[in-house]
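Student: Structure in structure tokens, see below.
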Amino acid sequence: MSVASISCFGQLTIPARYLITGRAYVLIAWIWFLTPQDLPDPLQVIGGCCLPSSVFIDDWDVYSFHINSTVTSRYATTVITSRVANRMDESKEIEFHVRIPKNAFISKFQMFIDGQVYDGVVKAKEQAQQQYTEAVSRGESAGLVSSVGRTLEEFKTSVTVAAHKKVTFELTYEELMKRTHGKYELQIHARPMQPVRDFKVDVYIHEEAGINFIDVKGGLSTKALANAITKTHVNKQAWVYFYPTVDQQTMCDNCGEQGMNGDLVIVYDVNRNNGLGDIKKFAGFFVHHFAPSNLPRISKNVVFVIDKSGSMQGRKIEQTRIALIHILNDLAEDDHFGLITFDGNIFPWKLELVQSNSKNVESAKNFARNIQAGGYTDINQALLQGANMLNTHDREGSASILILLTDGQPTKGVTNLGKIQSNVREAVAGKFPVYCLGFGFDVDFEFLKKMSLQNNGVARRIYVDSDADLQLKGFYEEVATPLLTDVTMIYVGGTNLTQTNFSQYYNGSEIVVAGQITDNDTETFTPQVVAISVMFDLRYLSAVILRLVFSDPNGIRVWAYLTVKQLLDKELQLSGPEKEQVKKEALSLSLKYSFVTPLTSMVVTKPLGETIHVLHKPKESEAPQRGKPPGRQSISRHRGTSTRHRSDNVGEQHKQRQCKTSSIHHDVFF
């Protein structure tokens with residue numbers, strides 16, 4: 001017999017047939033009453049029955065959660081502030097958990113507890129690791145924090161909060177937004193896992209060049225939350241406010257009783273002039289954004305080198321075929337292309353590049369449809385043949401590109417990674433960029449990244465997911481339309497410059513250079529851009545620089561951010577004393593500007609006797625870490641954060657959450 005068993009200071013068992021709608025029965029039951037001292041906390045008593053505390057009031061309360069993001073000249077500074085109260089009569093360990101964009105550097109973290117401020121301290125990674133090791137050797141509790149995902153990284157720490165006390169967590173991170181596909185995107189991740197009464201996201205954008213458009217996208221911009229978003233745009237400024245009510249936080253596409261789960265993405269672009277771009281200065285530093293859009297496209301020569309070894313079997317090779325067919329369809333008729341697949345052997349579709357007319361494209365698509373996975377992996381020979389095809393097809397006025405897609409490591413031919421990099425660098429000889437796409441986490445991503453950087457390209461991870469084909473196509477679209485080649489940024493009267501030479505400039509992207517103005521003398525500071533366009537050399541020269549200079553309070557930090565990023569890339573390519581010197585420079589800047597980078601860590605300071613936490617910034621080469629199961633923990637996640645609360649005695653807490661005679665059961669079927 002199916003029954004409904006309800007815990008009411010005892011146990012009341014009701015046959016299911018008596019619960020059918022439209023029938024009324026009088027039931028007599030024996031109930032064991034408890035004294036008030038026996039009442040479990042935090043269970044509440046309603047009508048003589050014990051109900052779970054989640055129905056009424058939690059033992060903790062995320063009573064305020066704010067995200068405040070300020071964007072000036074594409075440089076975003078975001079502050080996440082979470083306020084939590086411990087409602088229990090005993091102390092609780094509260095975990096703060098936030099996800100931030102991969103390209104961002106954490107620059108500040110504070111906890112406010114009972115009138116005291118606890119600051120996170122950025123230290124050299126080795127020094128922080130030593131502090132962690134010493135704590136472990138003393139028998140103290142310690143934890144290393146590091147994790148990486150597709151577009152976000154995780155930061156988490158915890159602190160014990162006394163009974164009926166509050167804690168405020170405040171995290172600051174900074175990022176220079178990258179322009180792709182003709183727009184900038186500010187991603188704000190929100191996974192509250194609990195509706196929050198005072199929940200606000202405020203975004204302010206100021207662009208001296210003027211804001212061309214602004215939009216709000218992402219999973220949290222759905223119809224259910226449309227009226228929670230306010231967007232205002234006036235010339236050079238824009239404001240976005242996201243103030244969902246408690247009810248709305250449970251009503252969106254990915255919402256429920258545990259609140260929201262998703263992203264809010266602010267999309268915008270700035271007005272473009274047809275010349276040098278815009279330059280901003282502050283305290284002797286400058287930042288130059290260069291993105292001309294009125295140029296004719298340059299026809300390209302592109303060779304796709306596709307891994308079809310045994311590890312690509314199944315969904316990977318299927319998605320590669322789909323993406324490749326889409327990409328072939330998008331080739332312009334004046335483009336020339338080649339296609340090579342490889343396992344332990346090399347299989348070129350044609351021995352030389354051909355024009356992308358309809359006949360050749362259709363033939364290449366048929367070749368792509370029949371790609372089958374199997375065999376070993378000879379990356380070296382495949383790349384050398386691709387480079388040779390481009391070298392023997394050097395069309396004047398065109399731009400050449402070599403794109404590699406692989407999911408594994410070399411297992412045939414030359415397998416020494418350093419030797420492969422050396423061979424490719426010699427074959428390419430700086431004449432065109434090499435882009436490496438690493439499919440999944442079996443690849444040696446650092447090997448691919450170094451090889452790309454050595455050849456003026458970039459490496460990108462393709463995640464094994466249902467949208468892998470869209471990831472592949474999306475990357476290709478970023479490099480599909482070259483507008484300039486051999487771009488050189490010249491700054492007479494400038495010093496300590498970030499990267500100034502770029503092999504190609506693509507439509508929808510942007511070149512950013514920062515540096516110092518010698519003696520802060522803008523009268524003698526003259527920027528120039530020299531590049532090759534279609535069939536002729538192109539030169540942008542600003543003789544009247546003062547008309548293009550605007551004050552930018554973030555100028556110094558943009559310079560530091562870019563310099564650290566580029567020094568880290570340079571360090572990867574070097575060895576010996578040169579490598580150590582570049583590493584030293586990057587570390588010095590990271591410490592000076594309190595950036596958590598791969599060379600630094602943040603030691604989270606806490607009240608005496610608390611667990612030591614050390615925050616490391618993970619590398620892209622690291623596989624995502626799987627979180628440990630939370631066990632018996634109350635969990636609260638809020639706008640980009642999660643807050644877990646553990647009792648000092650988990651077993652005891654579990655007992656307290658039950659009525660002494662029985663738990664609540666639901667075995668009723670209608």
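Identifiers in this document derive from the order of the structure tokens: chains are assigned A, B, ..., residues are numbered from 1 separately in each chain, and ligands are numbered from 1 in order of occurrence.
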Select from range 514-614 of chain A every residue with an atom at most 8 Å from any atom of range 487-504 of chain A, then for each give the shortest pair of atoms and their distance in Å to one decimal, using only C-alpha atoms, rows by chain and rising number, as a Markdown table.
Tutor:
```
| residue | atom | partner | partner_atom | distance |
| --- | --- | --- | --- | --- |
| A:Ala514 | CA | A:Thr498 | CA | 5.6 |
| A:Gly515 | CA | A:Leu497 | CA | 4.2 |
| A:Gln516 | CA | A:Thr495 | CA | 5.2 |
| A:Ile517 | CA | A:Gly494 | CA | 4.6 |
| A:Thr518 | CA | A:Gly494 | CA | 5.4 |
| A:Asp521 | CA | A:Gly493 | CA | 7.8 |
| A:Thr524 | CA | A:Gly493 | CA | 6.0 |
| A:Phe525 | CA | A:Gly493 | CA | 4.5 |
| A:Thr526 | CA | A:Val492 | CA | 5.0 |
| A:Pro527 | CA | A:Tyr491 | CA | 4.4 |
| A:Gln528 | CA | A:Ile490 | CA | 4.9 |
| A:Val529 | CA | A:Met489 | CA | 4.7 |
| A:Val530 | CA | A:Thr488 | CA | 5.1 |
| A:Ala531 | CA | A:Val487 | CA | 4.3 |
| A:Ile532 | CA | A:Val487 | CA | 7.0 |
| A:Trp559 | CA | A:Thr498 | CA | 7.5 |
| A:Leu562 | CA | A:Thr498 | CA | 6.8 |
| A:Thr563 | CA | A:Thr498 | CA | 5.8 |
| A:Gln566 | CA | A:Thr498 | CA | 7.5 |
```
Student: May I have the selected residues written with N, CA and C atoms, as a PDB file, in the first residue's frame?
Tutor:
```pdb
ATOM      1  N   ALA A 514      50.420  50.164 -26.616  1.00  0.00           N
ATOM      2  CA  ALA A 514      50.561  51.093 -25.498  1.00  0.00           C
ATOM      3  C   ALA A 514      52.039  51.336 -25.239  1.00  0.00           C
ATOM      4  N   GLY A 515      52.345  52.458 -24.595  1.00  0.00           N
ATOM      5  CA  GLY A 515      53.730  52.772 -24.281  1.00  0.00           C
ATOM      6  C   GLY A 515      53.828  54.060 -23.495  1.00  0.00           C
ATOM      7  N   GLN A 516      55.042  54.529 -23.334  1.00  0.00           N
ATOM      8  CA  GLN A 516      55.291  55.780 -22.627  1.00  0.00           C
ATOM      9  C   GLN A 516      55.696  56.860 -23.619  1.00  0.00           C
ATOM     10  N   ILE A 517      55.306  58.097 -23.330  1.00  0.00           N
ATOM     11  CA  ILE A 517      55.707  59.246 -24.134  1.00  0.00           C
ATOM     12  C   ILE A 517      56.973  59.821 -23.508  1.00  0.00           C
ATOM     13  N   THR A 518      58.033  59.861 -24.279  1.00  0.00           N
ATOM     14  CA  THR A 518      59.324  60.311 -23.756  1.00  0.00           C
ATOM     15  C   THR A 518      59.211  61.707 -23.163  1.00  0.00           C
ATOM     16  N   ASP A 521      56.296  64.528 -23.494  1.00  0.00           N
ATOM     17  CA  ASP A 521      56.281  65.635 -24.448  1.00  0.00           C
ATOM     18  C   ASP A 521      55.409  65.272 -25.646  1.00  0.00           C
ATOM     19  N   THR A 524      56.389  66.484 -29.468  1.00  0.00           N
ATOM     20  CA  THR A 524      57.314  65.738 -30.336  1.00  0.00           C
ATOM     21  C   THR A 524      56.876  64.291 -30.551  1.00  0.00           C
ATOM     22  N   PHE A 525      55.771  63.906 -29.928  1.00  0.00           N
ATOM     23  CA  PHE A 525      55.278  62.526 -30.048  1.00  0.00           C
ATOM     24  C   PHE A 525      54.442  62.406 -31.317  1.00  0.00           C
ATOM     25  N   THR A 526      54.910  61.565 -32.255  1.00  0.00           N
ATOM     26  CA  THR A 526      54.234  61.428 -33.548  1.00  0.00           C
ATOM     27  C   THR A 526      54.038  59.957 -33.895  1.00  0.00           C
ATOM     28  N   PRO A 527      52.790  59.506 -33.953  1.00  0.00           N
ATOM     29  CA  PRO A 527      52.536  58.117 -34.331  1.00  0.00           C
ATOM     30  C   PRO A 527      52.345  57.961 -35.836  1.00  0.00           C
ATOM     31  N   GLN A 528      52.775  56.821 -36.355  1.00  0.00           N
ATOM     32  CA  GLN A 528      52.567  56.482 -37.758  1.00  0.00           C
ATOM     33  C   GLN A 528      52.206  55.010 -37.866  1.00  0.00           C
ATOM     34  N   VAL A 529      51.469  54.676 -38.904  1.00  0.00           N
ATOM     35  CA  VAL A 529      51.181  53.274 -39.207  1.00  0.00           C
ATOM     36  C   VAL A 529      51.574  53.025 -40.656  1.00  0.00           C
ATOM     37  N   VAL A 530      52.433  52.046 -40.874  1.00  0.00           N
ATOM     38  CA  VAL A 530      52.858  51.676 -42.218  1.00  0.00           C
ATOM     39  C   VAL A 530      52.421  50.236 -42.465  1.00  0.00           C
ATOM     40  N   ALA A 531      51.746  49.993 -43.597  1.00  0.00           N
ATOM     41  CA  ALA A 531      51.227  48.654 -43.887  1.00  0.00           C
ATOM     42  C   ALA A 531      51.068  48.476 -45.385  1.00  0.00           C
ATOM     43  N   ILE A 532      50.778  47.260 -45.789  1.00  0.00           N
ATOM     44  CA  ILE A 532      50.520  46.950 -47.194  1.00  0.00           C
ATOM     45  C   ILE A 532      49.041  46.630 -47.358  1.00  0.00           C
ATOM     46  N   TRP A 559      48.706  49.656 -20.306  1.00  0.00           N
ATOM     47  CA  TRP A 559      50.091  49.383 -20.700  1.00  0.00           C
ATOM     48  C   TRP A 559      50.658  48.212 -19.903  1.00  0.00           C
ATOM     49  N   LEU A 562      48.893  44.848 -21.035  1.00  0.00           N
ATOM     50  CA  LEU A 562      49.382  44.381 -22.334  1.00  0.00           C
ATOM     51  C   LEU A 562      50.826  43.909 -22.249  1.00  0.00           C
ATOM     52  N   THR A 563      51.650  44.663 -21.523  1.00  0.00           N
ATOM     53  CA  THR A 563      53.066  44.308 -21.418  1.00  0.00           C
ATOM     54  C   THR A 563      53.245  42.964 -20.739  1.00  0.00           C
ATOM     55  N   GLN A 566      52.166  40.120 -23.113  1.00  0.00           N
ATOM     56  CA  GLN A 566      53.102  39.887 -24.203  1.00  0.00           C
ATOM     57  C   GLN A 566      54.439  39.351 -23.707  1.00  0.00           C
TER      58      GLN A 566
END
```
Student: Just the residues within 12 Å of Glu318 in chain A, please, counting only C-alpha atoms, with nothing from its chain fewer than 4 positions along; format it as a PyMOL selection string.
Tutor: chain A and resi 308+312-314+322-325+368-373+464-469
Student: Do a neighbour search on Ala224 in chain A at 8 Å with only C-alpha atoms, toss out local chain neighbours closer than 5 positions, and write the hits as a list of chain:residue names.
Tutor: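 Within the cut-off, the hits are A:Gln248, A:Met251, A:Cys252, A:Asp253.
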Student: Go through A:Gly430, A:Gly310, A:Pro618, A:Pro195 and flag the residue nearest Phe155 in chain A, using only C-alpha atoms for the distances.
Tutor: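 Looking only at the distances to Phe155 in chain A, the closest residue turns out to be A:Pro618.
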Student: So which one's closest to Asn68 in chain A, A:Thr172, A:Thr157, A:Thr250, A:Thr392? Using only C-alpha atoms, please.
Tutor: A:Thr172
